[in-house]
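upload_9.cif, holding mmCIF, N, CA and C atoms:
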data_structure
loop_
_atom_site.label_atom_id
_atom_site.label_comp_id
_atom_site.auth_asym_id
_atom_site.auth_seq_id
_atom_site.Cartn_x
_atom_site.Cartn_y
_atom_site.Cartn_z
N VAL A 1 11.08 7.68 -5.21
CA VAL A 1 9.78 8.32 -5.28
C VAL A 1 9.11 8.13 -3.92
N VAL A 2 8.64 9.24 -3.34
CA VAL A 2 8.01 9.18 -2.01
C VAL A 2 6.65 9.86 -2.08
N TRP A 3 5.64 9.26 -1.44
CA TRP A 3 4.34 9.89 -1.31
C TRP A 3 3.80 9.64 0.08
N LYS A 4 2.88 10.50 0.49
CA LYS A 4 2.35 10.49 1.85
C LYS A 4 0.84 10.70 1.77
N PHE A 5 0.13 10.02 2.64
CA PHE A 5 -1.32 10.21 2.67
C PHE A 5 -1.86 10.01 4.08
N VAL A 6 -3.05 10.54 4.30
CA VAL A 6 -3.76 10.36 5.56
C VAL A 6 -5.08 9.69 5.25
N VAL A 7 -5.46 8.76 6.09
CA VAL A 7 -6.76 8.10 5.98
C VAL A 7 -7.74 8.96 6.77
N LEU A 8 -8.56 9.74 6.07
CA LEU A 8 -9.49 10.64 6.74
C LEU A 8 -10.71 9.91 7.28
N ASN A 9 -11.16 8.90 6.57
CA ASN A 9 -12.31 8.13 7.03
C ASN A 9 -12.17 6.69 6.55
N LEU A 10 -12.23 5.76 7.47
CA LEU A 10 -12.23 4.34 7.16
C LEU A 10 -13.29 3.69 8.04
N PRO A 11 -14.49 3.49 7.49
CA PRO A 11 -15.60 2.98 8.31
C PRO A 11 -15.24 1.67 9.02
N SER A 12 -15.59 1.57 10.27
CA SER A 12 -15.23 0.41 11.08
C SER A 12 -15.90 -0.87 10.60
N TYR A 13 -17.02 -0.75 9.88
CA TYR A 13 -17.69 -1.96 9.40
C TYR A 13 -17.01 -2.55 8.17
N ASP A 14 -16.10 -1.83 7.56
CA ASP A 14 -15.39 -2.35 6.40
C ASP A 14 -14.03 -1.67 6.32
N GLU A 15 -13.09 -2.17 7.07
CA GLU A 15 -11.80 -1.51 7.25
C GLU A 15 -10.76 -1.90 6.21
N ARG A 16 -11.16 -2.40 5.06
CA ARG A 16 -10.18 -2.84 4.06
C ARG A 16 -9.68 -1.67 3.23
N LEU A 17 -8.36 -1.55 3.22
CA LEU A 17 -7.69 -0.53 2.42
C LEU A 17 -6.38 -1.14 1.94
N ILE A 18 -6.11 -1.02 0.65
CA ILE A 18 -4.87 -1.54 0.09
C ILE A 18 -4.08 -0.37 -0.46
N CYS A 19 -2.83 -0.27 -0.04
CA CYS A 19 -1.91 0.75 -0.52
C CYS A 19 -0.80 0.01 -1.25
N ALA A 20 -0.65 0.31 -2.55
CA ALA A 20 0.22 -0.54 -3.35
C ALA A 20 0.79 0.22 -4.54
N ILE A 21 1.57 -0.53 -5.32
CA ILE A 21 2.00 -0.09 -6.64
C ILE A 21 1.55 -1.15 -7.63
N ILE A 22 1.37 -0.72 -8.87
CA ILE A 22 0.97 -1.64 -9.93
C ILE A 22 1.67 -1.19 -11.21
N ALA A 23 2.04 -2.13 -12.06
CA ALA A 23 2.70 -1.79 -13.31
C ALA A 23 1.77 -1.92 -14.52
N ASN A 24 0.52 -2.14 -14.28
CA ASN A 24 -0.47 -2.27 -15.35
C ASN A 24 -1.14 -0.91 -15.54
N ASP A 25 -1.05 -0.33 -16.73
CA ASP A 25 -1.64 0.99 -16.96
C ASP A 25 -3.13 0.93 -17.28
N ASN A 26 -3.69 -0.24 -17.34
CA ASN A 26 -5.12 -0.40 -17.60
C ASN A 26 -5.67 -1.55 -16.75
N PRO A 27 -5.60 -1.41 -15.41
CA PRO A 27 -6.02 -2.53 -14.55
C PRO A 27 -7.54 -2.70 -14.54
N ARG A 28 -7.96 -3.90 -14.23
CA ARG A 28 -9.38 -4.20 -14.09
C ARG A 28 -9.85 -3.76 -12.71
N ASN A 29 -11.14 -3.92 -12.44
CA ASN A 29 -11.70 -3.55 -11.14
C ASN A 29 -11.04 -4.31 -10.00
N ASN A 30 -10.64 -5.53 -10.24
CA ASN A 30 -9.96 -6.32 -9.20
C ASN A 30 -8.45 -6.23 -9.37
N SER A 31 -7.94 -5.01 -9.44
CA SER A 31 -6.51 -4.79 -9.69
C SER A 31 -5.63 -5.46 -8.65
N TYR A 32 -6.15 -5.69 -7.45
CA TYR A 32 -5.38 -6.36 -6.40
C TYR A 32 -4.96 -7.77 -6.81
N SER A 33 -5.59 -8.35 -7.81
CA SER A 33 -5.21 -9.68 -8.26
C SER A 33 -4.27 -9.64 -9.47
N ASP A 34 -3.90 -8.45 -9.90
CA ASP A 34 -2.98 -8.29 -11.03
C ASP A 34 -1.60 -8.81 -10.64
N SER A 35 -0.93 -9.45 -11.57
CA SER A 35 0.38 -10.04 -11.28
C SER A 35 1.46 -8.99 -11.03
N THR A 36 1.18 -7.71 -11.31
CA THR A 36 2.17 -6.65 -11.10
C THR A 36 1.87 -5.84 -9.84
N TYR A 37 1.03 -6.34 -8.95
CA TYR A 37 0.53 -5.61 -7.79
C TYR A 37 1.33 -5.96 -6.54
N PHE A 38 1.88 -4.95 -5.87
CA PHE A 38 2.65 -5.15 -4.64
C PHE A 38 2.26 -4.08 -3.63
N GLY A 39 1.99 -4.47 -2.40
CA GLY A 39 1.65 -3.49 -1.38
C GLY A 39 1.14 -4.14 -0.10
N TRP A 40 0.33 -3.39 0.65
CA TRP A 40 -0.16 -3.84 1.94
C TRP A 40 -1.67 -3.63 2.03
N ILE A 41 -2.34 -4.64 2.57
CA ILE A 41 -3.77 -4.55 2.81
C ILE A 41 -4.00 -4.53 4.31
N GLY A 42 -4.82 -3.60 4.77
CA GLY A 42 -5.25 -3.58 6.16
C GLY A 42 -6.68 -4.09 6.19
N CYS A 43 -6.94 -5.07 7.04
CA CYS A 43 -8.24 -5.71 7.06
C CYS A 43 -8.50 -6.34 8.42
N LYS A 44 -9.57 -5.92 9.08
CA LYS A 44 -10.02 -6.55 10.34
C LYS A 44 -8.90 -6.69 11.36
N ASN A 45 -8.30 -5.57 11.74
CA ASN A 45 -7.29 -5.51 12.79
C ASN A 45 -5.97 -6.20 12.47
N LYS A 46 -5.71 -6.45 11.19
CA LYS A 46 -4.43 -7.01 10.78
C LYS A 46 -4.02 -6.36 9.47
N ALA A 47 -2.75 -6.40 9.19
CA ALA A 47 -2.24 -5.94 7.90
C ALA A 47 -1.48 -7.09 7.26
N TYR A 48 -1.58 -7.19 5.95
CA TYR A 48 -0.94 -8.26 5.20
C TYR A 48 -0.14 -7.68 4.05
N VAL A 49 0.93 -8.38 3.69
CA VAL A 49 1.74 -8.00 2.53
C VAL A 49 1.10 -8.65 1.31
N PHE A 50 0.93 -7.86 0.25
CA PHE A 50 0.37 -8.32 -1.01
C PHE A 50 1.50 -8.36 -2.02
N LYS A 51 1.91 -9.54 -2.45
CA LYS A 51 2.99 -9.66 -3.44
C LYS A 51 2.52 -10.57 -4.56
N GLN A 52 1.59 -10.08 -5.36
CA GLN A 52 1.02 -10.91 -6.41
C GLN A 52 2.08 -11.42 -7.38
N GLY A 53 3.01 -10.59 -7.74
CA GLY A 53 4.04 -10.98 -8.70
C GLY A 53 5.06 -11.94 -8.14
N LYS A 54 4.95 -12.24 -6.85
CA LYS A 54 5.88 -13.18 -6.21
C LYS A 54 5.14 -14.39 -5.68
N GLY A 55 4.06 -14.75 -6.33
CA GLY A 55 3.30 -15.91 -5.89
C GLY A 55 2.49 -15.65 -4.64
N GLY A 56 2.13 -14.39 -4.41
CA GLY A 56 1.42 -14.03 -3.19
C GLY A 56 -0.05 -14.37 -3.18
N VAL A 57 -0.59 -14.81 -4.30
CA VAL A 57 -2.02 -15.10 -4.36
C VAL A 57 -2.37 -16.21 -3.38
N GLY A 58 -3.29 -15.91 -2.49
CA GLY A 58 -3.78 -16.92 -1.55
C GLY A 58 -2.85 -17.20 -0.38
N THR A 59 -1.68 -16.55 -0.34
CA THR A 59 -0.75 -16.80 0.75
C THR A 59 -0.25 -15.47 1.32
N PRO A 60 -1.16 -14.68 1.89
CA PRO A 60 -0.71 -13.39 2.43
C PRO A 60 0.17 -13.59 3.65
N GLU A 61 1.14 -12.71 3.79
CA GLU A 61 2.00 -12.71 4.97
C GLU A 61 1.52 -11.62 5.91
N VAL A 62 1.47 -11.92 7.21
CA VAL A 62 1.11 -10.90 8.18
C VAL A 62 2.20 -9.83 8.16
N ALA A 63 1.78 -8.56 8.10
CA ALA A 63 2.74 -7.47 7.90
C ALA A 63 3.32 -6.90 9.18
N GLY A 64 2.72 -7.13 10.32
CA GLY A 64 3.33 -6.69 11.56
C GLY A 64 2.72 -5.45 12.20
N TRP A 65 1.55 -5.02 11.74
CA TRP A 65 0.82 -3.97 12.46
C TRP A 65 -0.66 -4.27 12.35
N ASP A 66 -1.48 -3.49 13.03
CA ASP A 66 -2.89 -3.85 13.20
C ASP A 66 -3.82 -3.25 12.15
N GLY A 67 -3.34 -2.96 10.98
CA GLY A 67 -4.19 -2.45 9.91
C GLY A 67 -4.33 -0.94 9.95
N TYR A 68 -5.03 -0.40 8.98
CA TYR A 68 -5.24 1.04 8.89
C TYR A 68 -6.43 1.46 9.73
N ARG A 69 -6.39 2.70 10.19
CA ARG A 69 -7.48 3.30 10.96
C ARG A 69 -7.70 4.72 10.45
N SER A 70 -8.85 5.27 10.73
CA SER A 70 -9.07 6.68 10.42
C SER A 70 -8.01 7.51 11.12
N ASN A 71 -7.51 8.52 10.46
CA ASN A 71 -6.46 9.44 10.92
C ASN A 71 -5.05 8.88 10.83
N ASP A 72 -4.89 7.67 10.32
CA ASP A 72 -3.54 7.14 10.11
C ASP A 72 -2.83 7.94 9.03
N VAL A 73 -1.54 8.17 9.24
CA VAL A 73 -0.69 8.80 8.24
C VAL A 73 0.32 7.76 7.80
N VAL A 74 0.50 7.67 6.49
CA VAL A 74 1.39 6.67 5.90
C VAL A 74 2.30 7.36 4.89
N VAL A 75 3.58 6.98 4.91
CA VAL A 75 4.54 7.45 3.92
C VAL A 75 5.03 6.21 3.18
N MET A 76 4.99 6.27 1.86
CA MET A 76 5.47 5.15 1.06
C MET A 76 6.65 5.60 0.20
N LYS A 77 7.59 4.68 0.01
CA LYS A 77 8.78 5.01 -0.78
C LYS A 77 9.06 3.87 -1.76
N LEU A 78 9.16 4.24 -3.02
CA LEU A 78 9.55 3.31 -4.08
C LEU A 78 11.00 3.63 -4.45
N ASP A 79 11.90 2.69 -4.18
CA ASP A 79 13.31 2.86 -4.50
C ASP A 79 13.60 2.05 -5.76
N LEU A 80 13.74 2.73 -6.89
CA LEU A 80 13.93 2.05 -8.16
C LEU A 80 15.31 1.43 -8.28
N ILE A 81 16.30 1.99 -7.59
CA ILE A 81 17.66 1.44 -7.64
C ILE A 81 17.75 0.15 -6.82
N GLU A 82 17.21 0.18 -5.62
CA GLU A 82 17.25 -1.00 -4.74
C GLU A 82 16.12 -1.99 -5.03
N ALA A 83 15.17 -1.61 -5.88
CA ALA A 83 14.01 -2.45 -6.23
C ALA A 83 13.21 -2.82 -4.98
N THR A 84 12.88 -1.78 -4.18
CA THR A 84 12.12 -2.01 -2.96
C THR A 84 10.94 -1.04 -2.88
N LEU A 85 9.92 -1.47 -2.17
CA LEU A 85 8.78 -0.63 -1.83
C LEU A 85 8.67 -0.66 -0.31
N SER A 86 8.68 0.53 0.31
CA SER A 86 8.61 0.60 1.77
C SER A 86 7.41 1.42 2.20
N LEU A 87 6.88 1.07 3.35
CA LEU A 87 5.75 1.77 3.94
C LEU A 87 6.11 2.12 5.38
N LYS A 88 6.00 3.40 5.71
CA LYS A 88 6.22 3.87 7.08
C LYS A 88 4.85 4.20 7.66
N HIS A 89 4.48 3.47 8.69
CA HIS A 89 3.17 3.64 9.34
C HIS A 89 3.41 4.48 10.59
N ILE A 90 2.95 5.71 10.57
CA ILE A 90 3.29 6.68 11.62
C ILE A 90 2.72 6.28 12.98
N ARG A 91 1.44 5.87 13.05
CA ARG A 91 0.81 5.55 14.34
C ARG A 91 1.56 4.45 15.08
N THR A 92 2.02 3.44 14.36
CA THR A 92 2.71 2.33 15.01
C THR A 92 4.22 2.49 14.99
N ASN A 93 4.71 3.58 14.34
CA ASN A 93 6.14 3.85 14.25
C ASN A 93 6.90 2.64 13.71
N THR A 94 6.38 2.07 12.60
CA THR A 94 7.01 0.91 11.99
C THR A 94 7.26 1.18 10.51
N VAL A 95 8.28 0.49 9.99
CA VAL A 95 8.59 0.53 8.56
C VAL A 95 8.56 -0.90 8.04
N HIS A 96 7.92 -1.09 6.90
CA HIS A 96 7.78 -2.41 6.28
C HIS A 96 8.27 -2.31 4.85
N THR A 97 8.99 -3.33 4.39
CA THR A 97 9.61 -3.26 3.06
C THR A 97 9.38 -4.54 2.28
N ILE A 98 9.03 -4.37 1.01
CA ILE A 98 8.98 -5.47 0.06
C ILE A 98 10.24 -5.34 -0.79
N THR A 99 11.00 -6.41 -0.89
CA THR A 99 12.26 -6.38 -1.62
C THR A 99 12.14 -7.10 -2.96
N ASP A 100 13.15 -6.92 -3.79
CA ASP A 100 13.26 -7.63 -5.07
C ASP A 100 12.07 -7.43 -5.98
N LEU A 101 11.62 -6.18 -6.13
CA LEU A 101 10.56 -5.90 -7.10
C LEU A 101 11.06 -6.28 -8.49
N PRO A 102 10.18 -6.80 -9.35
CA PRO A 102 10.62 -7.23 -10.68
C PRO A 102 11.21 -6.07 -11.50
N ALA A 103 12.41 -6.25 -11.99
CA ALA A 103 13.13 -5.21 -12.72
C ALA A 103 12.43 -4.81 -14.02
N GLN A 104 11.71 -5.72 -14.63
CA GLN A 104 11.09 -5.40 -15.92
C GLN A 104 9.99 -4.34 -15.80
N TYR A 105 9.52 -4.05 -14.59
CA TYR A 105 8.46 -3.05 -14.40
C TYR A 105 9.00 -1.70 -13.93
N LYS A 106 10.29 -1.56 -13.85
CA LYS A 106 10.94 -0.39 -13.24
C LYS A 106 10.36 0.94 -13.73
N SER A 107 10.09 1.08 -14.99
CA SER A 107 9.59 2.36 -15.51
C SER A 107 8.07 2.42 -15.59
N LEU A 108 7.39 1.40 -15.10
CA LEU A 108 5.93 1.31 -15.24
C LEU A 108 5.14 1.48 -13.95
N TRP A 109 5.82 1.52 -12.81
CA TRP A 109 5.10 1.54 -11.52
C TRP A 109 4.19 2.74 -11.40
N ARG A 110 3.01 2.51 -10.80
CA ARG A 110 2.02 3.55 -10.48
C ARG A 110 1.53 3.30 -9.06
N PHE A 111 1.24 4.36 -8.36
CA PHE A 111 0.65 4.27 -7.02
C PHE A 111 -0.81 3.83 -7.16
N CYS A 112 -1.25 2.97 -6.27
CA CYS A 112 -2.61 2.44 -6.37
C CYS A 112 -3.22 2.30 -4.97
N LEU A 113 -4.43 2.79 -4.79
CA LEU A 113 -5.20 2.60 -3.56
C LEU A 113 -6.47 1.85 -3.92
N ASN A 114 -6.79 0.85 -3.13
CA ASN A 114 -8.04 0.11 -3.31
C ASN A 114 -8.81 0.09 -1.99
N THR A 115 -10.10 0.21 -2.10
CA THR A 115 -10.96 0.08 -0.94
C THR A 115 -12.27 -0.57 -1.38
N THR A 116 -12.94 -1.20 -0.45
CA THR A 116 -14.22 -1.83 -0.78
C THR A 116 -15.40 -0.99 -0.31
N CYS A 117 -15.12 0.15 0.30
CA CYS A 117 -16.18 0.97 0.87
C CYS A 117 -16.15 2.37 0.27
N PRO A 118 -17.24 2.82 -0.37
CA PRO A 118 -17.23 4.16 -0.98
C PRO A 118 -17.12 5.30 0.03
N GLN A 119 -17.34 5.03 1.32
CA GLN A 119 -17.21 6.08 2.33
C GLN A 119 -15.77 6.28 2.80
N THR A 120 -14.85 5.45 2.34
CA THR A 120 -13.45 5.61 2.69
C THR A 120 -12.90 6.86 2.01
N ILE A 121 -12.18 7.68 2.78
CA ILE A 121 -11.60 8.91 2.24
C ILE A 121 -10.11 8.92 2.58
N VAL A 122 -9.29 9.06 1.55
CA VAL A 122 -7.84 9.14 1.69
C VAL A 122 -7.38 10.40 0.98
N GLU A 123 -6.48 11.15 1.62
CA GLU A 123 -5.99 12.40 1.03
C GLU A 123 -4.48 12.35 0.91
N LEU A 124 -3.97 12.68 -0.28
CA LEU A 124 -2.52 12.81 -0.46
C LEU A 124 -2.05 14.08 0.22
N LEU A 125 -0.89 13.99 0.85
CA LEU A 125 -0.31 15.12 1.58
C LEU A 125 1.05 15.47 1.00
N PRO A 126 1.50 16.70 1.18
CA PRO A 126 2.86 17.03 0.75
C PRO A 126 3.89 16.30 1.61
N VAL A 127 4.93 15.83 0.99
CA VAL A 127 6.01 15.16 1.71
C VAL A 127 6.94 16.22 2.26
N GLN A 128 7.26 16.11 3.55
CA GLN A 128 8.18 17.02 4.22
C GLN A 128 9.52 16.30 4.42
N SER A 129 10.57 17.05 4.64
CA SER A 129 11.89 16.43 4.82
C SER A 129 11.91 15.46 6.00
N GLY A 130 11.13 15.73 7.05
CA GLY A 130 11.07 14.84 8.20
C GLY A 130 10.35 13.52 7.93
N ASP A 131 9.68 13.43 6.79
CA ASP A 131 8.96 12.21 6.43
C ASP A 131 9.88 11.16 5.79
N LEU A 132 11.04 11.59 5.31
CA LEU A 132 11.93 10.69 4.58
C LEU A 132 12.55 9.68 5.51
N PHE A 133 12.76 8.52 4.99
CA PHE A 133 13.36 7.43 5.77
C PHE A 133 14.21 6.57 4.86
#
Take the structure I supplied and represent it as structure tokens, if you would.
Amino acid sequence: VVWKFVVLNLPSYDERLICAIIANDNPRNNSYSDSTYFGWIGCKNKAYVFKQGKGGVGTPEVAGWDGYRSNDVVVMKLDLIEATLSLKHIRTNTVHTITDLPAQYKSLWRFCLNTTCPQTIVELLPVQSGDLF
């Protein structure tokens, strides 16, 4: 499963954006703390890997790029066979992967975006063949 989006507006005073998957079909407002939540948070010039289901609470790993910015384009891929979630960050030309997703959630994954700022605007885009990785 592949999806693509562009960050149309991410205010500089609150640059937090989380792009993830979740296996909970009725998450609470703080879904980022759900044990089935896996993805990446961009915050204050850094990006971190969010792996709640792997003991990630309170121990974020630096993801290797400088966070999301307005006009960033991101392609995400959920590989159900390999049990991986990958993110291709176009501006930095990097790919990041979370491995060993829990098998028991295989049929339950949903795409999830979280932001703390109501002025943040993200738009889903059609995936083109050149976007695949």
Checklist entry - Got a sec to tell me which of chain A DSSP assigns to strand (DSSP E), as a ChimeraX atom specification? => result /A:2-9,17-22,38-43,46-51,61-62,73-79,84-89,94-98,110-115,121-125
Checklist entry - What does the PyMOL selection byres ((chain A and resi 43) around 7) select in this file, as a ChimeraX atom specification? => result /A:15-17,41-42,44-48,66-68
Item to check | Nearest residue to Glu82 of chain A from the set A:Leu101, A:Val2, A:Leu108, A:Leu10 (distances using only C-alpha atoms) | outcome: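 Ranking A:Leu101, A:Val2, A:Leu108, A:Leu10 by distance to Glu82 of chain A, first place goes to A:Leu101.
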Item to check | Sel. of helix (DSSP H, G or I) residues, chain A, as a PyMOL selection string | outcome: chain A and resi 31-33+52-54+103-105+129-131
Checklist entry - For this file, the PyMOL selection byres (((chain A and resi 5 and name CA) around 9) and name CA) selects which residues, as a list in words? => result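 What the PyMOL selection byres (((chain A and resi 5 and name CA) around 9) and name CA) grabs from the file is Trp3, Lys4, Val6, Val7, Asp72, Val73, Val74, Val75, Met76, Val122, Glu123, Leu124, Leu125, Pro126 and Val127 of chain A.
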Item to check | Selection under test: the PyMOL selection byres ((chain A and resi 39) around 6.5); residues as a PyMOL selection string | outcome: chain A and resi 18-21+37-38+40-41+48-52
Next on the checklist: Just to confirm, what's the straight-line distance from atom CA of Trp65 of chain A to atom CA of Thr97 of chain A in Å (one decimal)?
Outcome noted: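 Taking atom CA of Trp65 of chain A as the start and atom CA of Thr97 of chain A as the end point, the length is 12.9 Å.
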Checklist entry - Between atom CA of Ser35 of chain A and atom CA of Ala23 of chain A, what is the distance, to one decimal in Å? => result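 Atom CA of Ser35 of chain A sits 8.8 Å away from atom CA of Ala23 of chain A.
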Checklist entry - A:Arg110, A:Ser31, A:Thr84, A:Thr36: which is nearest Ile98 of chain A, counting all atoms listed in the file? => result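 Of A:Arg110, A:Ser31, A:Thr84, A:Thr36, the one nearest Ile98 of chain A is A:Thr84, counting all atoms listed in the file.
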Checklist entry - With all atoms listed in the file as the atoms that count, which of A:Gln128, A:Asn114, A:Gln119, A:Thr99 lies nearest to Tyr32 of chain A? => result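 For Tyr32 of chain A, the nearest of the candidates is A:Asn114.
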Item to check | A:Val95, A:Trp109, A:Asn9, A:Pro102 ranked by distance to Asn24 of chain A, top pick (using all atoms listed in the file) | outcome: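 Closest candidate: A:Trp109.
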